[in-house]
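Visitor: Contents of protein22.txt (compact mmCIF, C-alpha atoms) are below:
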# COMPACT_ATOMS: atom_id res chain seq x y z
CA MET K 1 -22.72 147.95 -23.35
CA MET K 2 -22.29 149.70 -20.00
CA LYS K 3 -24.08 147.63 -17.37
CA LYS K 4 -25.54 148.73 -14.05
CA SER K 5 -23.62 145.86 -12.43
CA ASP K 6 -20.42 147.67 -13.43
CA PHE K 7 -21.29 150.14 -10.65
CA TYR K 8 -21.92 147.67 -7.86
CA TYR K 9 -20.01 147.59 -4.58
CA ASP K 10 -20.64 145.63 -1.41
CA LEU K 11 -21.80 147.77 1.53
CA PRO K 12 -22.46 146.51 5.06
CA GLU K 13 -25.82 147.77 6.30
CA SER K 14 -24.15 149.03 9.48
CA LEU K 15 -22.42 151.79 7.48
CA ILE K 16 -25.67 153.35 6.21
CA ALA K 17 -25.95 156.49 8.32
CA GLN K 18 -29.33 156.73 10.08
CA THR K 19 -28.68 160.04 11.83
CA PRO K 20 -26.67 163.19 11.00
CA ALA K 21 -23.18 163.69 12.37
CA GLU K 22 -23.25 165.35 15.79
CA LYS K 23 -21.61 168.44 14.28
CA ARG K 24 -21.98 169.17 10.59
CA ASP K 25 -18.35 169.96 9.82
CA MET K 26 -17.06 167.03 11.87
CA SER K 27 -18.18 164.54 9.24
CA ARG K 28 -15.30 162.64 7.73
CA LEU K 29 -13.90 163.71 4.37
CA MET K 30 -12.17 161.54 1.80
CA VAL K 31 -9.99 163.67 -0.50
CA ILE K 32 -9.12 162.27 -3.92
CA ASN K 33 -6.48 163.93 -6.09
CA ARG K 34 -7.22 163.04 -9.70
CA GLN K 35 -3.72 164.01 -10.81
CA ASN K 36 -1.86 161.47 -8.69
CA ASP K 37 -4.73 159.20 -7.57
CA GLN K 38 -3.84 159.78 -3.91
CA ILE K 39 -6.47 159.37 -1.19
CA GLU K 40 -6.41 161.21 2.13
CA ASP K 41 -8.70 160.61 5.11
CA ARG K 42 -9.64 163.87 6.82
CA HIS K 43 -12.57 165.66 8.48
CA PHE K 44 -14.88 167.98 6.63
CA HIS K 45 -13.62 171.16 8.28
CA ASP K 46 -10.23 170.35 6.68
CA ILE K 47 -11.75 171.25 3.30
CA VAL K 48 -10.19 174.70 3.75
CA GLU K 49 -6.74 173.14 3.18
CA TYR K 50 -7.77 172.11 -0.33
CA LEU K 51 -9.38 175.36 -1.44
CA GLU K 52 -7.50 178.26 -3.00
CA PRO K 53 -8.13 181.98 -3.46
CA GLY K 54 -9.92 182.41 -6.77
CA ASP K 55 -11.94 179.21 -6.40
CA LEU K 56 -15.72 179.42 -6.64
CA LEU K 57 -17.98 177.15 -4.57
CA VAL K 58 -21.36 176.66 -6.22
CA MET K 59 -24.13 175.34 -3.95
CA ASN K 60 -27.77 174.38 -4.40
CA ASP K 61 -29.97 176.63 -2.26
CA THR K 62 -33.18 174.65 -2.61
CA LYS K 63 -35.18 174.11 0.57
CA VAL K 64 -36.86 170.84 1.51
CA LEU K 65 -40.57 171.06 2.21
CA PRO K 66 -42.26 168.71 4.73
CA VAL K 67 -44.04 167.02 1.82
CA ARG K 68 -45.03 163.71 3.44
CA ILE K 69 -48.61 164.19 4.63
CA TYR K 70 -51.18 161.82 6.15
CA GLY K 71 -54.92 162.06 5.71
CA HIS K 72 -58.02 160.08 4.87
CA LYS K 73 -60.44 159.52 2.03
CA LYS K 74 -63.46 161.75 2.54
CA GLU K 75 -66.00 159.13 1.43
CA THR K 76 -64.75 156.08 3.35
CA GLY K 77 -62.42 157.45 6.02
CA GLY K 78 -59.63 155.15 4.79
CA LYS K 79 -56.14 156.28 5.71
CA ILE K 80 -53.91 157.67 2.99
CA GLU K 81 -50.29 158.84 2.75
CA LEU K 82 -49.05 161.32 0.15
CA LEU K 83 -45.57 162.29 -0.91
CA LEU K 84 -45.62 165.53 -2.90
CA LEU K 85 -42.98 165.25 -5.59
CA LYS K 86 -43.33 168.13 -8.03
CA ARG K 87 -45.36 171.34 -7.92
CA LEU K 88 -47.08 171.92 -11.25
CA ASP K 89 -48.82 175.19 -10.31
CA ASP K 90 -50.39 176.85 -7.24
CA HIS K 91 -52.85 174.00 -6.74
CA HIS K 92 -51.56 170.93 -8.61
CA TRP K 93 -48.83 168.48 -7.58
CA GLU K 94 -47.42 165.23 -8.87
CA THR K 95 -47.65 162.85 -5.92
CA MET K 96 -46.91 159.35 -4.75
CA VAL K 97 -49.92 157.82 -3.00
CA LYS K 98 -50.04 154.94 -0.50
CA PRO K 99 -51.98 152.71 -0.75
CA GLY K 100 -52.10 153.42 -4.45
CA ARG K 101 -54.39 150.69 -5.75
CA LYS K 102 -57.51 152.42 -4.39
CA ALA K 103 -56.42 155.97 -5.19
CA LYS K 104 -58.58 156.36 -8.28
CA PRO K 105 -59.35 159.58 -10.17
CA GLY K 106 -62.18 161.44 -8.48
CA THR K 107 -61.21 160.34 -4.97
CA VAL K 108 -61.33 163.26 -2.52
CA LEU K 109 -58.79 163.39 0.32
CA GLU K 110 -58.83 165.42 3.53
CA PHE K 111 -55.96 166.44 5.78
CA LYS K 112 -56.40 167.75 9.32
CA ASP K 113 -54.27 169.79 11.70
CA ASP K 114 -53.57 168.85 15.33
CA ALA K 115 -56.91 170.37 16.38
CA GLY K 116 -58.80 168.07 14.03
CA ARG K 117 -59.74 170.76 11.54
CA VAL K 118 -59.60 170.01 7.81
CA VAL K 119 -56.99 172.45 6.48
CA LEU K 120 -56.29 170.85 3.11
CA THR K 121 -58.45 168.99 0.59
CA GLY K 122 -57.17 167.15 -2.45
CA SER K 123 -58.89 165.59 -5.45
CA ILE K 124 -57.11 162.94 -7.49
CA GLU K 125 -57.33 164.02 -11.13
CA LYS K 126 -55.37 161.36 -13.01
CA THR K 127 -52.73 158.65 -12.90
CA ILE K 128 -49.47 159.30 -14.76
CA ASP K 129 -46.14 157.50 -15.32
CA ASN K 130 -44.74 155.18 -12.65
CA GLY K 131 -48.08 155.07 -10.83
CA LEU K 132 -47.90 158.70 -9.71
CA ARG K 133 -51.05 160.82 -9.36
CA VAL K 134 -51.80 164.43 -10.18
CA ILE K 135 -53.78 165.93 -7.30
CA ALA K 136 -55.59 169.28 -7.21
CA PHE K 137 -55.49 170.86 -3.74
CA GLU K 138 -57.87 173.38 -2.22
CA TYR K 139 -56.88 175.43 0.83
CA ASN K 140 -57.07 178.82 2.49
CA GLY K 141 -53.90 180.76 3.21
CA VAL K 142 -50.31 179.87 2.29
CA PHE K 143 -49.72 176.30 1.13
CA GLU K 144 -46.20 176.13 2.64
CA GLU K 145 -47.55 177.19 6.05
CA ILE K 146 -50.14 174.42 5.88
CA LEU K 147 -47.42 171.88 5.07
CA ASN K 148 -45.45 173.10 8.08
CA GLN K 149 -48.50 172.32 10.23
CA ILE K 150 -49.34 168.86 8.92
CA GLY K 151 -46.32 167.56 7.02
CA THR K 152 -43.15 165.67 7.90
CA MET K 153 -39.72 165.60 6.28
CA PRO K 154 -39.51 163.07 3.42
CA LEU K 155 -36.42 161.14 4.50
CA PRO K 156 -34.95 158.64 2.01
CA PRO K 157 -36.32 155.08 2.21
CA TYR K 158 -33.09 153.66 3.66
CA ILE K 159 -33.30 155.91 6.75
CA HIS K 160 -35.46 154.20 9.37
CA GLU K 161 -34.79 156.30 12.47
CA LYS K 162 -36.91 159.33 13.34
CA LEU K 163 -35.22 162.68 12.73
CA GLU K 164 -35.39 164.59 16.02
CA ASP K 165 -34.36 167.94 14.52
CA PRO K 166 -35.87 168.55 11.04
CA SER K 167 -33.42 171.41 10.43
CA ARG K 168 -30.62 168.83 10.13
CA TYR K 169 -32.14 167.80 6.79
CA GLN K 170 -31.69 171.37 5.50
CA THR K 171 -28.50 173.07 4.41
CA VAL K 172 -27.62 176.24 6.33
CA TYR K 173 -28.02 178.19 3.08
CA ALA K 174 -31.40 176.68 2.03
CA LYS K 175 -33.54 179.47 0.59
CA TYR K 176 -36.17 178.49 -1.99
CA ASN K 177 -38.95 176.00 -1.17
CA GLY K 178 -39.48 173.14 -3.57
CA SER K 179 -37.52 169.95 -2.84
CA ALA K 180 -38.68 166.51 -1.78
CA ALA K 181 -35.11 165.60 -0.77
CA ALA K 182 -32.09 167.52 0.48
CA PRO K 183 -28.98 168.28 -1.60
CA THR K 184 -27.04 166.33 0.99
CA ALA K 185 -23.46 167.28 0.10
CA GLY K 186 -24.25 170.70 1.53
CA LEU K 187 -25.34 169.36 4.91
CA HIS K 188 -21.70 169.35 6.09
CA PHE K 189 -21.29 173.12 5.91
CA THR K 190 -21.79 175.48 8.85
CA GLU K 191 -22.13 179.25 8.67
CA ALA K 192 -18.79 179.58 10.45
CA LEU K 193 -17.04 177.30 7.96
CA LEU K 194 -18.49 179.23 5.02
CA ASP K 195 -17.32 182.51 6.59
CA GLN K 196 -13.83 181.04 6.97
CA ILE K 197 -13.84 179.90 3.34
CA ARG K 198 -14.92 183.34 2.09
CA ALA K 199 -12.26 185.02 4.21
CA MET K 200 -9.65 182.97 2.33
CA GLY K 201 -10.62 184.61 -0.95
CA VAL K 202 -12.87 181.77 -2.11
CA LYS K 203 -16.14 183.04 -3.54
CA THR K 204 -19.48 181.32 -3.07
CA THR K 205 -22.69 181.40 -5.06
CA ALA K 206 -25.78 179.30 -5.57
CA VAL K 207 -28.02 177.74 -8.17
CA THR K 208 -31.45 176.30 -7.42
CA LEU K 209 -32.48 172.79 -8.39
CA HIS K 210 -35.53 171.31 -6.71
CA VAL K 211 -34.66 167.72 -5.90
CA GLY K 212 -37.25 165.04 -6.57
CA LEU K 213 -37.36 161.55 -5.11
CA GLY K 214 -36.42 160.27 -8.55
CA THR K 215 -32.87 160.86 -7.36
CA PHE K 216 -33.30 157.67 -5.28
CA ARG K 217 -34.98 155.68 -8.05
CA PRO K 218 -32.93 152.54 -8.76
CA VAL K 219 -31.66 151.68 -12.21
CA LYS K 220 -33.65 148.58 -13.17
CA GLU K 221 -32.37 147.99 -16.70
CA GLU K 222 -29.09 146.11 -17.06
CA ASN K 223 -28.05 148.39 -19.94
CA ILE K 224 -27.85 151.77 -18.23
CA LEU K 225 -28.64 153.59 -21.48
CA ASP K 226 -32.18 152.19 -21.21
CA HIS K 227 -32.72 154.00 -17.90
CA GLN K 228 -35.13 156.93 -18.01
CA MET K 229 -33.97 159.84 -15.86
CA HIS K 230 -36.33 161.92 -13.76
CA SER K 231 -36.81 165.60 -14.53
CA GLU K 232 -36.00 168.39 -12.06
CA GLN K 233 -36.58 172.14 -12.23
CA TYR K 234 -33.60 174.49 -11.97
CA SER K 235 -32.70 178.15 -12.05
CA VAL K 236 -29.40 179.98 -12.60
CA SER K 237 -29.35 183.71 -11.81
CA PRO K 238 -27.46 186.36 -13.81
CA GLU K 239 -25.19 186.95 -10.79
CA THR K 240 -24.23 183.27 -10.58
CA ALA K 241 -23.66 183.03 -14.33
CA ASP K 242 -21.37 186.07 -14.19
CA LEU K 243 -19.38 184.69 -11.26
CA ILE K 244 -18.82 181.36 -13.01
CA ASN K 245 -17.73 183.03 -16.24
CA GLU K 246 -15.41 185.39 -14.38
CA THR K 247 -13.88 182.50 -12.41
CA GLN K 248 -13.23 180.49 -15.56
CA LYS K 249 -11.74 183.49 -17.34
CA ALA K 250 -9.39 184.13 -14.40
CA GLY K 251 -8.27 180.49 -14.28
CA GLY K 252 -10.01 179.65 -11.01
CA ARG K 253 -11.78 176.41 -10.25
CA VAL K 254 -15.54 175.95 -10.32
CA ILE K 255 -16.28 173.57 -7.45
CA ALA K 256 -19.72 171.97 -7.32
CA VAL K 257 -21.24 171.20 -3.95
CA GLY K 258 -23.26 168.10 -4.77
CA THR K 259 -24.52 166.26 -7.81
CA THR K 260 -27.59 168.50 -8.09
CA THR K 261 -25.32 171.49 -8.70
CA VAL K 262 -23.47 169.43 -11.31
CA ARG K 263 -26.72 168.52 -13.06
CA THR K 264 -27.76 172.17 -13.17
CA LEU K 265 -24.54 173.66 -14.50
CA GLU K 266 -23.72 170.93 -16.98
CA SER K 267 -27.31 171.10 -18.28
CA VAL K 268 -27.06 174.85 -18.84
CA ALA K 269 -23.71 174.42 -20.59
CA ALA K 270 -25.11 171.65 -22.81
CA ASN K 271 -28.01 173.93 -23.77
CA ASN K 272 -25.79 176.90 -24.63
CA GLY K 273 -22.72 175.65 -26.47
CA GLY K 274 -20.65 175.21 -23.33
CA LYS K 275 -21.50 178.63 -21.88
CA ILE K 276 -23.15 179.41 -18.57
CA VAL K 277 -26.02 181.88 -18.99
CA PRO K 278 -28.95 182.88 -16.77
CA GLU K 279 -31.58 180.23 -17.33
CA ARG K 280 -34.67 178.55 -15.91
CA GLY K 281 -35.79 175.14 -17.06
CA SER K 282 -35.99 171.46 -16.29
CA THR K 283 -33.33 168.84 -16.77
CA SER K 284 -33.29 165.08 -17.13
CA ILE K 285 -29.58 164.97 -17.91
CA PHE K 286 -27.92 161.57 -17.41
CA ILE K 287 -24.20 161.78 -16.66
CA TYR K 288 -22.21 158.54 -16.90
CA PRO K 289 -18.66 157.59 -17.99
CA GLY K 290 -17.83 159.13 -21.34
CA PHE K 291 -19.74 162.35 -20.60
CA HIS K 292 -18.12 165.57 -21.85
CA TRP K 293 -17.70 167.81 -18.79
CA GLN K 294 -17.70 171.53 -19.57
CA VAL K 295 -17.99 173.44 -16.29
CA ILE K 296 -17.01 171.59 -13.12
CA ASP K 297 -13.36 171.41 -12.00
CA ALA K 298 -13.82 169.78 -8.56
CA LEU K 299 -16.68 168.10 -6.72
CA ILE K 300 -17.87 167.75 -3.13
CA THR K 301 -20.28 164.84 -2.79
CA ASN K 302 -21.52 162.15 -0.42
CA PHE K 303 -21.16 158.39 -0.91
CA HIS K 304 -23.92 157.07 -3.14
CA LEU K 305 -26.03 153.93 -3.52
CA PRO K 306 -24.61 150.96 -5.47
CA GLU K 307 -25.71 150.92 -9.13
CA SER K 308 -27.23 154.41 -8.81
CA THR K 309 -27.17 157.20 -11.39
CA LEU K 310 -25.34 159.36 -8.83
CA LEU K 311 -22.52 156.84 -8.56
CA MET K 312 -22.40 156.77 -12.37
CA LEU K 313 -22.07 160.57 -12.40
CA VAL K 314 -19.19 160.52 -9.93
CA SER K 315 -17.53 157.71 -11.89
CA SER K 316 -17.72 159.90 -14.98
CA PHE K 317 -15.97 162.75 -13.19
CA TYR K 318 -13.04 160.55 -12.13
CA ASP K 319 -12.81 156.91 -13.23
CA ARG K 320 -15.18 154.01 -12.58
CA GLU K 321 -12.61 151.51 -11.32
CA LYS K 322 -10.82 154.12 -9.21
CA ILE K 323 -14.08 155.34 -7.70
CA LEU K 324 -15.07 151.79 -6.79
CA ALA K 325 -11.63 151.31 -5.23
CA ALA K 326 -12.17 154.50 -3.22
CA TYR K 327 -15.55 153.18 -2.08
CA ARG K 328 -13.93 149.92 -0.96
CA HIS K 329 -11.43 152.02 1.00
CA ALA K 330 -14.36 153.92 2.56
CA VAL K 331 -15.95 150.62 3.62
CA GLU K 332 -12.68 149.41 5.14
CA GLU K 333 -12.26 152.70 7.02
CA LYS K 334 -15.91 152.62 8.14
CA TYR K 335 -17.04 155.86 6.54
CA ARG K 336 -20.77 156.60 6.91
CA PHE K 337 -22.75 156.29 3.68
CA PHE K 338 -25.63 158.04 1.88
CA SER K 339 -27.66 161.13 2.83
CA PHE K 340 -26.52 161.53 6.44
CA GLY K 341 -23.12 160.04 5.72
CA ASP K 342 -19.63 161.40 5.18
CA ALA K 343 -18.25 163.32 2.22
CA MET K 344 -15.79 163.05 -0.63
CA PHE K 345 -13.83 165.86 -2.29
CA ILE K 346 -12.59 165.02 -5.78
CA GLU K 347 -10.15 167.60 -7.09
Would you put the structure from the file into structure tokens?
Guide:
Amino acid sequence: MMKKSDFYYDLPESLIAQTPAEKRDMSRLMVINRQNDQIEDRHFHDIVEYLEPGDLLVMNDTKVLPVRIYGHKKETGGKIELLLLKRLDDHHWETMVKPGRKAKPGTVLEFKDDAGRVVLTGSIEKTIDNGLRVIAFEYNGVFEEILNQIGTMPLPPYIHEKLEDPSRYQTVYAKYNGSAAAPTAGLHFTEALLDQIRAMGVKTTAVTLHVGLGTFRPVKEENILDHQMHSEQYSVSPETADLINETQKAGGRVIAVGTTTVRTLESVAANNGGKIVPERGSTSIFIYPGFHWQVIDALITNFHLPESTLLMLVSSFYDREKILAAYRHAVEEKYRFFSFGDAMFIE
């Protein structure tokens, strides 16, 4: 049995990054060579020294919506907080509601702009798994524009400081609205760094996977195989599929920027006999040691929570004991951890 405690490491709270690095590409970078097990301590802009012409960087171009909104119950005036997790159609969302015990089906919610006008109304339709609610929204205009008026960025629960610049929780290549959390490995890139990488003969492309807050859900079962993964929507374009296939055929490396990119590409490969094809769908893939990797040759990622599915994924790509040793090294060297933390390049 593979236990969640097999993926535990001790992390001082002082190393949990509460704010982004002052400059994106000045984050620290731990480089791990899987061939010789060597570790190097660098800065993120040094990534160019480890990339080669013919490599392909694959990023996740999802965009985080300001999906934490505050309102009140129309009937009683009681305050309510919503976290919009998954868009089901133009009017329906899966949501997390606080306080949840009084958020019963039929309850009508109202949300106002700064001028005190009701710009969004929601009706709770039903309760689903894990205490989430499906809410039907009514509004005039463009839903995303309303969220920009009334919503705030849904920072992870371990970040307690206010984010002064919301754009720092977006990648510079974010394009398609839909995420409740950022694909944080990409936060280290700047436009200038990406231009430098492309000038070297390294190609870049993107997939889209809309990140849900399930990515932060802890593993509660001791046997990790009993853990139920969350589902996330993804899309791979024909252009991206072609670039990946061409790179593999030419002997280049497919380098995933973040675990969300990994989940997308390895899901598509698993669905199509190891091949990457244009595809839209949803994935609840669970990657842990023993997984058969079919696409990814190298990985850029942040440092993840103890006993998390993301740490299990990274352990699968390298080696559980060696990854935990690398994490202990990161603690000793005072790397910054989690969403606003430093990065790791495993090649």
Visitor: With all atoms listed in the file as the counted atoms, please give the residues lying no more than 8 Å from Ser237 of chain K, apart from itself and same-chain residues fewer than 5 positions off, as a list in words.
Guide: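 Selected residues are Val207, Pro278 and Glu279 of chain K.
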Visitor: Kindly assemble as a Markdown table a list of the segment 243-317 of chain K residues that lie within 8 Å of segment 53-62 of chain K, each paired with its nearest atom pair and their distance in Å to one decimal, using all atoms listed in the file, sorted first by chain and then by ascending residue number.
Guide:
| residue | atom | partner | partner_atom | distance |
| --- | --- | --- | --- | --- |
| K:Leu243 | CA | K:Leu56 | CA | 7.9 |
| K:Ile244 | CA | K:Leu56 | CA | 7.3 |
| K:Thr247 | CA | K:Leu56 | CA | 6.8 |
| K:Ala250 | CA | K:Gly54 | CA | 7.8 |
| K:Gly251 | CA | K:Gly54 | CA | 7.9 |
| K:Gly252 | CA | K:Asp55 | CA | 5.0 |
| K:Arg253 | CA | K:Asp55 | CA | 4.8 |
| K:Val254 | CA | K:Leu56 | CA | 5.1 |
| K:Ile255 | CA | K:Leu57 | CA | 4.9 |
| K:Ala256 | CA | K:Val58 | CA | 5.1 |
| K:Val257 | CA | K:Met59 | CA | 5.0 |
| K:Gly258 | CA | K:Met59 | CA | 7.3 |
| K:Thr260 | CA | K:Asn60 | CA | 6.9 |
| K:Thr261 | CA | K:Asn60 | CA | 5.7 |
Visitor: Can you pull out the residues contacting Lys86 of chain K? Cut-off 10 Å, using only C-alpha atoms, and skip same-chain residues under 2 positions away; I want them as a PyMOL selection string.
Guide: chain K and resi 67+83-84+88-89+92-95+134+178-180+210-213+231-233
Visitor: For segment 31-38 of chain K, find every residue with an atom within 12 Å (counting all atoms listed in the file), except residues of its own chain fewer than 5 positions away, and show them as an MDAnalysis selection string.
Guide: chainID K and resid 43:44 46:51 297:302 314:315 317:319 321:323 325:327 329:330 342:347
Visitor: Quick one: distance from atom CA of Thr215 of chain K to atom CA of Ala181 of chain K in Å, one decimal?
Guide: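 So the two atoms, atom CA of Thr215 of chain K and atom CA of Ala181 of chain K, lie 8.4 Å apart.
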Visitor: Within 12 Å of Phe143 of chain K, counting all atoms listed in the file, which residues qualify if same-chain residues fewer than 5 places away don't, as a list in words?
Guide: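 Result of the neighbour search: Leu65, Pro66, Val67, Arg87, Asp89, Asp90, His91, His92, Trp93, Val119, Leu120, Thr121, Phe137, Glu138, Asn148, Gln149, Ile150, Gly151, Asn177 and Gly178 of chain K.
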Visitor: Restricting the calculation to only C-alpha atoms: of K:Ala192, K:Leu209, K:Met2, K:Ala17, which residue gets closest to Val64 of chain K?
Guide: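 For Val64 of chain K, the nearest of the given residues is K:Leu209.
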Visitor: Nearest to Phe338 of chain K among K:Thr184, K:Asn223, K:Gln170, K:Ser5, with distances taken over all atoms listed in the file: which residue is it?
Guide: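 Looking at the shortest contact to Phe338 of chain K, the residue is K:Thr184.
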Visitor: List the neighbours of Val108 of chain K out to 12 Å using all atoms listed in the file; skip same-chain residues closer than 6 positions along the sequence, and give me the result as a VMD selection string.
Guide: chain K and resid 71 to 80 102 120 to 125 135 to 138
Visitor: One decimal, in Å: what's the spacing between atom CA of His304 of chain K and atom CA of Val219 of chain K?
Guide: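 We find that atom CA of His304 of chain K and atom CA of Val219 of chain K lie 13.1 Å from each other.
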Visitor: Between K:Lys104, K:Arg263, K:Lys162, K:Arg28, which residue has the minimum interatomic distance to Ile287 of chain K, considering only C-alpha atoms?
Guide: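 For Ile287 of chain K, the nearest of the given residues is K:Arg263.
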Visitor: Atom CA of Glu266 of chain K and atom CA of Val202 of chain K are how many Å apart?
Guide: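 The value is 21.4 Å.
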Visitor: Could you write segment 63-75 of chain K as a PDB file, in the frame of the given file, with N, CA and C atoms rebuilt where they are missing?
Guide:
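Saved file selection-v2.pdb follows:
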ATOM      1  N   LYS K  63     -34.745 174.400  -0.797  1.00  0.00           N
ATOM      2  CA  LYS K  63     -35.180 174.110   0.570  1.00  0.00           C
ATOM      3  C   LYS K  63     -36.174 172.950   0.545  1.00  0.00           C
ATOM      4  N   VAL K  64     -35.985 172.010   1.456  1.00  0.00           N
ATOM      5  CA  VAL K  64     -36.860 170.840   1.510  1.00  0.00           C
ATOM      6  C   VAL K  64     -38.162 171.206   2.219  1.00  0.00           C
ATOM      7  N   LEU K  65     -39.259 170.881   1.591  1.00  0.00           N
ATOM      8  CA  LEU K  65     -40.570 171.060   2.210  1.00  0.00           C
ATOM      9  C   LEU K  65     -40.974 169.788   2.947  1.00  0.00           C
ATOM     10  N   PRO K  66     -41.757 169.902   4.024  1.00  0.00           N
ATOM     11  CA  PRO K  66     -42.260 168.710   4.730  1.00  0.00           C
ATOM     12  C   PRO K  66     -43.408 168.095   3.932  1.00  0.00           C
ATOM     13  N   VAL K  67     -43.062 167.404   2.841  1.00  0.00           N
ATOM     14  CA  VAL K  67     -44.040 167.020   1.820  1.00  0.00           C
ATOM     15  C   VAL K  67     -44.628 165.620   2.018  1.00  0.00           C
ATOM     16  N   ARG K  68     -44.335 164.964   3.140  1.00  0.00           N
ATOM     17  CA  ARG K  68     -45.030 163.710   3.440  1.00  0.00           C
ATOM     18  C   ARG K  68     -46.211 164.053   4.346  1.00  0.00           C
ATOM     19  N   ILE K  69     -47.426 163.827   3.870  1.00  0.00           N
ATOM     20  CA  ILE K  69     -48.610 164.190   4.630  1.00  0.00           C
ATOM     21  C   ILE K  69     -49.555 162.993   4.744  1.00  0.00           C
ATOM     22  N   TYR K  70     -50.275 162.942   5.865  1.00  0.00           N
ATOM     23  CA  TYR K  70     -51.180 161.820   6.150  1.00  0.00           C
ATOM     24  C   TYR K  70     -52.604 162.353   6.282  1.00  0.00           C
ATOM     25  N   GLY K  71     -53.528 161.652   5.647  1.00  0.00           N
ATOM     26  CA  GLY K  71     -54.920 162.060   5.710  1.00  0.00           C
ATOM     27  C   GLY K  71     -55.840 160.876   5.557  1.00  0.00           C
ATOM     28  N   HIS K  72     -57.047 161.156   5.062  1.00  0.00           N
ATOM     29  CA  HIS K  72     -58.020 160.080   4.870  1.00  0.00           C
ATOM     30  C   HIS K  72     -58.898 160.397   3.674  1.00  0.00           C
ATOM     31  N   LYS K  73     -59.492 159.338   3.124  1.00  0.00           N
ATOM     32  CA  LYS K  73     -60.440 159.520   2.030  1.00  0.00           C
ATOM     33  C   LYS K  73     -61.771 160.025   2.602  1.00  0.00           C
ATOM     34  N   LYS K  74     -62.264 161.083   2.007  1.00  0.00           N
ATOM     35  CA  LYS K  74     -63.460 161.750   2.540  1.00  0.00           C
ATOM     36  C   LYS K  74     -64.654 160.798   2.564  1.00  0.00           C
ATOM     37  N   GLU K  75     -64.807 159.973   1.555  1.00  0.00           N
ATOM     38  CA  GLU K  75     -66.000 159.130   1.430  1.00  0.00           C
ATOM     39  C   GLU K  75     -65.988 157.956   2.401  1.00  0.00           C
TER      40      GLU K  75
END
